[in-house]
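Report on the structure given below.
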Amino acid sequence: MALMQIAEPGQSVLPHKRKLAVGIDLGTTNSLVATVRSGEPVVLVDHNQESLLPSVVRYFDKDACLVGREALASQDIDPYNTILSVKRYMGRELADIEALGIQNDRLSDAVGMVRIRTDYGEVSPVEVSAEILRALRLRAEVSLGGPLAGAVITVPAYFDEAQRLATRDAAKLAGIPVIRLLNEPTAAAVAYGLDVSAEGLYAIFDLGGGTFDISLLRLQRGVFEVLATSGDSTLGGDDFDRIIVNEWVRCNEFLGLSVHEQRTLLKAARSVKESLSQSAKAEIQVKIGNCVIDLGLDITTFESLSKPLLGRMQAPLKRVMRDAGLDWNDISGVVMVGGATRMPQVQHMAAEFFRSNPLTNLDPDKVVALGAAMQANNLVGNEPSEDWLLLDVIPLSLGLETMGGLTEKIVPRNSTLPVSRAQDFTTFRDGQSAISLHIVQGERELVSDCRSLARFELRGIPAMVAGAARIRVTFEVDTDGLLNVSAYELNTGVSATVSVKPSYGLTDEEISALLESSQLHAAEDKLLRSRREAEVEAIRLKEAVEQAMNKSNELLVPGEEKAIQNALCLLDSALKSEDAFGIREKIDLVNQATYSFASRRMDAGIRFALKGHCISEMENKL
Amino acid sequence: MSIDFTRNYFELFDLPQKFRLDILRMSEVWRNIQNQIHPDKHVNGSQYEKRLAMQWATYVNEGLVTLRDPVSRARYLLSLHGFDTHEETDTRMPADFLMEQMSWHEAVYDAFHNKNINMLNELFNQLREVIAAGESKLGQLIDDEGNYSAAVTEVRKLCFLQSFSQDITQSIERLEQ
């Protein structure tokens, strides 16, 4: 085991020059954490040199649990307290889960998200995921020797806002500073593209334990541009285990299986499924009741059982091609991601659809975490000169409810982020003084078939005849995928705005209650923490400003350099002697001093881009 | 301040103010600009710089979307010449055009109810050709003849056809599921 590093007294408050950044792949079946070391992305291993952490949590008590391989081993011994595939429950209500055909009498409905009953009380899927994330955080901190400055966590591209928010909440609970949620196929494309310096149009075919994503990207001169993404967030490798179990139950006429026995069968099915990726036939012995039974399956039977599942992948595949306006012969390569793509029938299906053999030269289990690590390294500012950029899209359309329960799409799916769209609406009745805005996500025409994200009202509209008011509603989605909606009446200037938090995430109060009860920060001095955060921000800003002055010295106007230097000096002395508040004050001073310089640099950047200079040339300039 | 969000999208991408547009060139310029101003390239910057980067990136994306689609490009170009296409408020269309639309709608309705995906795809491709013809006519009207009022009618027709082609796509998607 790596030893923890301890800094010299007095030095310990100064953050490392190189910020510790990780990429985390929080998977349905397995989770991983990776980082960039000397320019190379690497997956971090535990003390047994294992890189995959099974996403399994076994509870022993309300606050005591075990995560990973040992928990996985106990799934059939202690099925009620051992939780598998929790990712499928994130941001989901009971009705959503039952619609998937998943039967689990240990799930109870709650506002926004199901709860899972253990013998020691109920837990939320967010809490279970937080345990997995905490284990990964500890692994990373031990291996890297300090607290993390930032993490990029991957989510299926087809996750909706509620599922994304639940993932963010889990990270918060686990004490992980999240800088970005990154779509899994996009992360894979980064790892693949940078590994082989690929150029062209690539399809990323990502079949995980519980989700299916398909993304098309253009890789050109260091820019990864997502053209379109589609998928099914309820279809994954787990479903293949279940069809094997169903087949066994049917052939052997198993009746009234206990929960223990069901788990035993699932475990056996998974191992048979994995064997069938290498051989044509697999056999296994299981104990059901008091009998030991030989179970087996051959690849031909498995393939024909898989047909309905493979069939479900067709619609998203066709849709993504249509959305991008592409044909199979436009595609340079198909990259396979996710452990479930090891199944030969999945590879055959992908090969048939794209009419080319899929690329499997990167480990499909690791590629997502590696890509996330590279993006994390970039976003914490470790490699400001790194010559690549990711342009991602929103996976699902965003819209508003209009008369008659219909959706009006405002931001169509596959819009490149950041995006802003506005649309005008009007009133329905004479003298109507308020309108209620209901923000929804999804592709269907009926609001009831879409996800409800938030509701808010615009009040105080002066009396007008129906149809006279002009209400402009603007949707803005930033690079983090966070949605802001504002509405204002054009004639009167009455306005209202809302930051969208899906109506069914955890509330801030719930999160802080959970944080306190988990005693995560009980030992940590809050003041010290906030000072440390201010320091990190100050040093980051200082480095960036100095770098900018070096590179774009000619853009400084007389006297400006001196003013900026003065502000930086003040910041320096604040760093030595002042508290968090004092440091933040000086940060503001630096911000003010560099205000117009920053604008000039941005303009210069655009002028440069217009001249068609290649990226490496520009890098030296800006 | 030197930042000027009022320059038009053609100026932004340094392209001639024409309907016939070099889309590849525009995408190239768009990527180059994003590479300079995208918020991910300014993560270490001041709050102001980050906000500026977000605004610029949004603006540039808006420009790309507006100019990439022929109908919205034409609408935008006409608005620069002082012509408003009024699709939202004025839905009047020439009678022969409407008759044509009705027979299209019937064909799509029949194909959908017979669950005939091939037929829908066929109709979709036919419609694409009609749209492409309309787009080349727009090029002629705007770039060659400067006949903006005729172009307004053409845009309104194309807008109609576009939303109809989306209906077909949705019908296909519903059947595929």
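Order determines the names: the first chain of the structure tokens is A, the second B, and so forth; residues in each chain are numbered 1 upward, and ligands are numbered 1 upward as they are shown.
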message: I need the contact residues of chain A against chain B, so if you could list those with any atom within 6 Å, counting only C-alpha atoms, and return them as a PyMOL selection string, that would help.
response: chain A and resi 315+418-419+540-541+544+591+598+605-606+609
Expected file: the selected residues, C-alpha atoms, as a PDB file, in the first residue's frame:
ATOM      1  CA  ALA A 315     -34.366   2.219 -32.772  1.00  0.00           C
ATOM      2  CA  PRO A 418     -23.621  25.965 -24.310  1.00  0.00           C
ATOM      3  CA  VAL A 419     -26.942  26.865 -25.890  1.00  0.00           C
ATOM      4  CA  ARG A 540      -5.103  29.396  -9.869  1.00  0.00           C
ATOM      5  CA  LEU A 541      -6.160  32.926 -10.808  1.00  0.00           C
ATOM      6  CA  ALA A 544      -3.623  32.308 -15.181  1.00  0.00           C
ATOM      7  CA  ASN A 591     -10.775  40.330 -11.352  1.00  0.00           C
ATOM      8  CA  ALA A 598      -9.775  39.645 -20.647  1.00  0.00           C
ATOM      9  CA  GLY A 605      -8.749  34.955 -30.053  1.00  0.00           C
ATOM     10  CA  ILE A 606     -11.707  35.280 -32.382  1.00  0.00           C
ATOM     11  CA  ALA A 609      -9.564  31.950 -35.446  1.00  0.00           C
TER      12      ALA A 609
END
message: What parts of range 112-207 of chain A does DSSP call strand (DSSP E or B)? I'd like the answer as a list in words.
response: Arg115, Ile116, Arg117, Thr118, Gly121, Glu122, Val123, Gly150, Ala151, Val152, Ile153, Thr154, Val155, Val178, Ile179, Arg180, Leu181, Leu182, Asn183, Gly200, Leu201, Tyr202, Ala203, Ile204, Phe205, Asp206 and Leu207 of chain A
message: Quick one: residues within 6 Å of range 233-247 of chain A, only C-alpha atoms, excluding same-chain residues fewer than 2 positions away - as a count of residues only?
response: 12
message: What's around Ser165 in chain B at 10 Å? Count only C-alpha atoms, leave out sequence neighbours fewer than 5 positions away in its own chain, and write the answer as an MDAnalysis selection string.
response: chainID B and resid 123:125 127:128 131 159:160 170:171
field: Point-to-point distance from CA of Gly381 in chain A to CA of Pro395 in chain A, Å rounded to tenths
entry: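 Taking CA of Gly381 in chain A as the start and CA of Pro395 in chain A as the end point, the length is 26.8 Å.
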Polymer residues at most 10 Å from Pro94 in chain B, only C-alpha atoms, same-chain spacing of 4 or more positions, as a tab-separated table (two decimals) with N, CA and C atoms, in the first residue's frame:
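part36.tsv was written with the following content:
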chain	number	residue	atom	x	y	z
B	98	LEU	N	-51.39	24.14	-50.72
B	98	LEU	CA	-52.14	23.46	-49.66
B	98	LEU	C	-52.73	22.14	-50.16
B	99	MET	N	-53.23	22.13	-51.39
B	99	MET	CA	-53.77	20.89	-51.95
B	99	MET	C	-52.69	19.81	-51.99
B	153	THR	N	-42.08	34.07	-49.52
B	153	THR	CA	-43.07	33.03	-49.78
B	153	THR	C	-42.41	31.65	-49.79
B	157	LYS	N	-43.11	28.35	-47.35
B	157	LYS	CA	-43.41	27.01	-47.86
B	157	LYS	C	-42.45	25.98	-47.26
query: So which bits of range 29-132 of chain B end up helix (DSSP H, G or I) when you DSSP the backbone, as a PyMOL selection string?
result: chain B and resi 29-37+39-42+47-68+70-80+95-113+117-132
Go ahead and save the picked residues with C-alpha atoms, as an mmCIF file, in the first residue's frame.
data_model
loop_
_atom_site.group_PDB
_atom_site.id
_atom_site.type_symbol
_atom_site.label_atom_id
_atom_site.label_comp_id
_atom_site.auth_asym_id
_atom_site.auth_seq_id
_atom_site.Cartn_x
_atom_site.Cartn_y
_atom_site.Cartn_z
ATOM 1 C CA VAL B 29 -14.288 28.549 -38.567
ATOM 2 C CA TRP B 30 -16.801 27.634 -35.862
ATOM 3 C CA ARG B 31 -14.463 24.966 -34.502
ATOM 4 C CA ASN B 32 -11.517 27.376 -34.613
ATOM 5 C CA ILE B 33 -13.439 30.039 -32.717
ATOM 6 C CA GLN B 34 -14.708 27.522 -30.134
ATOM 7 C CA ASN B 35 -11.136 26.396 -29.651
ATOM 8 C CA GLN B 36 -10.320 29.950 -28.569
ATOM 9 C CA ILE B 37 -13.324 31.031 -26.563
ATOM 10 C CA PRO B 39 -15.331 28.011 -21.339
ATOM 11 C CA ASP B 40 -13.264 24.821 -20.975
ATOM 12 C CA LYS B 41 -10.320 26.776 -22.417
ATOM 13 C CA HIS B 42 -10.707 29.414 -19.698
ATOM 14 C CA GLN B 47 -15.051 34.972 -13.013
ATOM 15 C CA TYR B 48 -15.512 37.675 -15.618
ATOM 16 C CA GLU B 49 -13.423 35.852 -18.195
ATOM 17 C CA LYS B 50 -15.392 32.654 -17.609
ATOM 18 C CA ARG B 51 -18.697 34.440 -17.994
ATOM 19 C CA LEU B 52 -17.480 36.112 -21.153
ATOM 20 C CA ALA B 53 -16.337 32.752 -22.533
ATOM 21 C CA MET B 54 -19.760 31.227 -21.794
ATOM 22 C CA GLN B 55 -21.531 34.142 -23.536
ATOM 23 C CA TRP B 56 -19.276 33.974 -26.559
ATOM 24 C CA ALA B 57 -19.563 30.204 -26.894
ATOM 25 C CA THR B 58 -23.369 30.440 -26.690
ATOM 26 C CA TYR B 59 -23.432 33.229 -29.262
ATOM 27 C CA VAL B 60 -21.175 31.373 -31.673
ATOM 28 C CA ASN B 61 -23.273 28.193 -31.350
ATOM 29 C CA GLU B 62 -26.381 30.237 -32.043
ATOM 30 C CA GLY B 63 -24.722 31.589 -35.168
ATOM 31 C CA LEU B 64 -23.813 28.113 -36.358
ATOM 32 C CA VAL B 65 -27.340 26.789 -35.850
ATOM 33 C CA THR B 66 -28.896 29.809 -37.558
ATOM 34 C CA LEU B 67 -26.698 29.638 -40.639
ATOM 35 C CA ARG B 68 -26.358 25.865 -40.943
ATOM 36 C CA PRO B 70 -30.999 26.616 -45.059
ATOM 37 C CA VAL B 71 -34.457 27.770 -43.993
ATOM 38 C CA SER B 72 -33.284 29.580 -40.891
ATOM 39 C CA ARG B 73 -30.364 30.991 -42.875
ATOM 40 C CA ALA B 74 -32.754 32.390 -45.481
ATOM 41 C CA ARG B 75 -35.036 33.783 -42.774
ATOM 42 C CA TYR B 76 -32.062 35.441 -41.095
ATOM 43 C CA LEU B 77 -30.724 36.820 -44.363
ATOM 44 C CA LEU B 78 -34.137 38.223 -45.267
ATOM 45 C CA SER B 79 -34.405 39.857 -41.849
ATOM 46 C CA LEU B 80 -31.043 41.558 -42.520
ATOM 47 C CA ALA B 95 -54.194 27.113 -52.526
ATOM 48 C CA ASP B 96 -52.318 24.772 -54.876
ATOM 49 C CA PHE B 97 -49.556 24.386 -52.298
ATOM 50 C CA LEU B 98 -52.138 23.461 -49.662
ATOM 51 C CA MET B 99 -53.775 20.886 -51.952
ATOM 52 C CA GLU B 100 -50.387 19.301 -52.515
ATOM 53 C CA GLN B 101 -49.793 19.220 -48.768
ATOM 54 C CA MET B 102 -53.081 17.454 -48.168
ATOM 55 C CA SER B 103 -52.229 14.606 -50.478
ATOM 56 C CA TRP B 104 -48.820 14.284 -48.775
ATOM 57 C CA HIS B 105 -50.494 14.146 -45.378
ATOM 58 C CA GLU B 106 -52.898 11.475 -46.540
ATOM 59 C CA ALA B 107 -50.053 9.339 -47.843
ATOM 60 C CA VAL B 108 -48.171 9.636 -44.548
ATOM 61 C CA TYR B 109 -51.320 8.931 -42.536
ATOM 62 C CA ASP B 110 -52.000 5.754 -44.541
ATOM 63 C CA ALA B 111 -48.417 4.537 -44.288
ATOM 64 C CA PHE B 112 -48.382 5.146 -40.530
ATOM 65 C CA HIS B 113 -51.623 3.293 -39.929
ATOM 66 C CA ILE B 117 -41.932 2.003 -42.326
ATOM 67 C CA ASN B 118 -40.490 1.506 -45.810
ATOM 68 C CA MET B 119 -43.228 3.652 -47.278
ATOM 69 C CA LEU B 120 -42.585 6.356 -44.678
ATOM 70 C CA ASN B 121 -38.872 6.304 -45.487
ATOM 71 C CA GLU B 122 -39.725 6.565 -49.180
ATOM 72 C CA LEU B 123 -42.005 9.561 -48.527
ATOM 73 C CA PHE B 124 -39.318 11.114 -46.347
ATOM 74 C CA ASN B 125 -36.775 10.855 -49.163
ATOM 75 C CA GLN B 126 -39.212 12.272 -51.698
ATOM 76 C CA LEU B 127 -39.939 15.181 -49.412
ATOM 77 C CA ARG B 128 -36.211 15.763 -48.955
ATOM 78 C CA GLU B 129 -35.897 16.195 -52.718
ATOM 79 C CA VAL B 130 -38.751 18.679 -52.780
ATOM 80 C CA ILE B 131 -37.087 20.600 -49.959
ATOM 81 C CA ALA B 132 -33.718 20.530 -51.754
#
Can you pull out every residue within 7 Å of range 201-204 of chain A, counting only C-alpha atoms, but drop anything in the same chain fewer than 2 positions away, and send it as an mmCIF file with N, CA and C atoms, in the first residue's frame?
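Output contents, as saved in selection11.cif:
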data_model
loop_
_atom_site.group_PDB
_atom_site.id
_atom_site.type_symbol
_atom_site.label_atom_id
_atom_site.label_comp_id
_atom_site.auth_asym_id
_atom_site.auth_seq_id
_atom_site.Cartn_x
_atom_site.Cartn_y
_atom_site.Cartn_z
ATOM 1 N N PRO A 185 -20.006 7.851 -23.423
ATOM 2 C CA PRO A 185 -19.434 7.631 -24.760
ATOM 3 C C PRO A 185 -18.476 8.754 -25.181
ATOM 4 N N ALA A 189 -14.616 8.390 -26.315
ATOM 5 C CA ALA A 189 -14.100 8.937 -27.571
ATOM 6 C C ALA A 189 -12.816 9.713 -27.331
ATOM 7 N N ASP A 206 -21.854 2.001 -26.683
ATOM 8 C CA ASP A 206 -21.571 1.806 -25.261
ATOM 9 C C ASP A 206 -22.695 1.016 -24.592
ATOM 10 N N ILE A 214 -25.504 5.384 -27.699
ATOM 11 C CA ILE A 214 -24.815 5.414 -28.983
ATOM 12 C C ILE A 214 -24.560 6.877 -29.329
ATOM 13 N N SER A 215 -23.295 7.229 -29.574
ATOM 14 C CA SER A 215 -22.952 8.614 -29.899
ATOM 15 C C SER A 215 -22.144 8.660 -31.173
ATOM 16 N N LEU A 216 -22.367 9.706 -31.961
ATOM 17 C CA LEU A 216 -21.552 9.929 -33.153
ATOM 18 C C LEU A 216 -20.723 11.180 -32.935
ATOM 19 N N LEU A 217 -19.425 11.079 -33.189
ATOM 20 C CA LEU A 217 -18.531 12.215 -32.989
ATOM 21 C C LEU A 217 -17.690 12.479 -34.217
ATOM 22 N N ARG A 218 -17.397 13.766 -34.416
ATOM 23 C CA ARG A 218 -16.415 14.123 -35.429
ATOM 24 C C ARG A 218 -15.127 14.470 -34.693
ATOM 25 N N LEU A 219 -14.055 13.793 -35.062
ATOM 26 C CA LEU A 219 -12.751 14.065 -34.471
ATOM 27 C C LEU A 219 -11.926 14.777 -35.529
ATOM 28 N N ASP A 330 -20.406 6.810 -43.999
ATOM 29 C CA ASP A 330 -19.704 8.006 -43.515
ATOM 30 C C ASP A 330 -18.825 7.694 -42.304
ATOM 31 N N ILE A 331 -19.080 6.558 -41.663
ATOM 32 C CA ILE A 331 -18.443 6.264 -40.379
ATOM 33 C C ILE A 331 -17.057 5.646 -40.568
ATOM 34 N N SER A 332 -16.054 6.280 -39.929
ATOM 35 C CA SER A 332 -14.688 5.765 -40.060
ATOM 36 C C SER A 332 -14.437 4.561 -39.158
ATOM 37 N N GLY A 333 -15.117 4.502 -38.026
ATOM 38 C CA GLY A 333 -14.872 3.393 -37.115
ATOM 39 C C GLY A 333 -15.917 3.327 -36.020
ATOM 40 N N VAL A 334 -16.110 2.138 -35.466
ATOM 41 C CA VAL A 334 -17.063 1.942 -34.378
ATOM 42 C C VAL A 334 -16.288 1.480 -33.149
ATOM 43 N N VAL A 335 -16.326 2.281 -32.088
ATOM 44 C CA VAL A 335 -15.579 1.950 -30.880
ATOM 45 C C VAL A 335 -16.527 1.295 -29.884
ATOM 46 N N MET A 336 -16.145 0.108 -29.395
ATOM 47 C CA MET A 336 -16.995 -0.617 -28.462
ATOM 48 C C MET A 336 -16.582 -0.296 -27.028
#
field: Contact residues around Glu154 in chain B with only C-alpha atoms at 9 Å, ignoring same-chain residues under 5 positions, as a VMD selection string
entry: chain B and resid 134 to 135 137 to 138 149 159
Can I get the selection written as a JSON list (two decimals), in the first residue's frame, with C-alpha atoms?
[["chain", "number", "residue", "atom", "x", "y", "z"],
["B", 134, "GLY", "CA", -36.92, 24.72, -52.80],
["B", 135, "GLU", "CA", -33.54, 25.51, -51.27],
["B", 137, "LYS", "CA", -34.70, 28.16, -55.69],
["B", 138, "LEU", "CA", -34.01, 30.27, -52.60],
["B", 149, "SER", "CA", -40.53, 39.15, -51.40],
["B", 159, "CYS", "CA", -40.89, 25.98, -43.20]]
- request: Between A:Met321, A:Leu100, A:Val545, A:Ala95, single out the one closest to Val114 in chain A, counting only C-alpha atoms.
  value: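 When distances to Val114 in chain A are compared using only C-alpha atoms, the smallest one comes from A:Ala95.
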- prompt: So what do you get for CA of Leu568 in chain A versus CA of Ala580 in chain A, distance-wise?
  reply: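 A separation of 16.1 Å between them.
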message: Just to confirm, what's the straight-line distance from CA of Leu138 in chain A to CA of Ser74 in chain A in Å (one decimal)?
response: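 Distance between the two atoms: 22.5 Å.
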- prompt: For Asp25 in chain A, which residue among A:Leu297, A:Leu144, A:Val152, A:Val473 is the nearest when counting only C-alpha atoms?
  reply: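 The shortest atom-to-atom distance to Asp25 in chain A comes from A:Val152.
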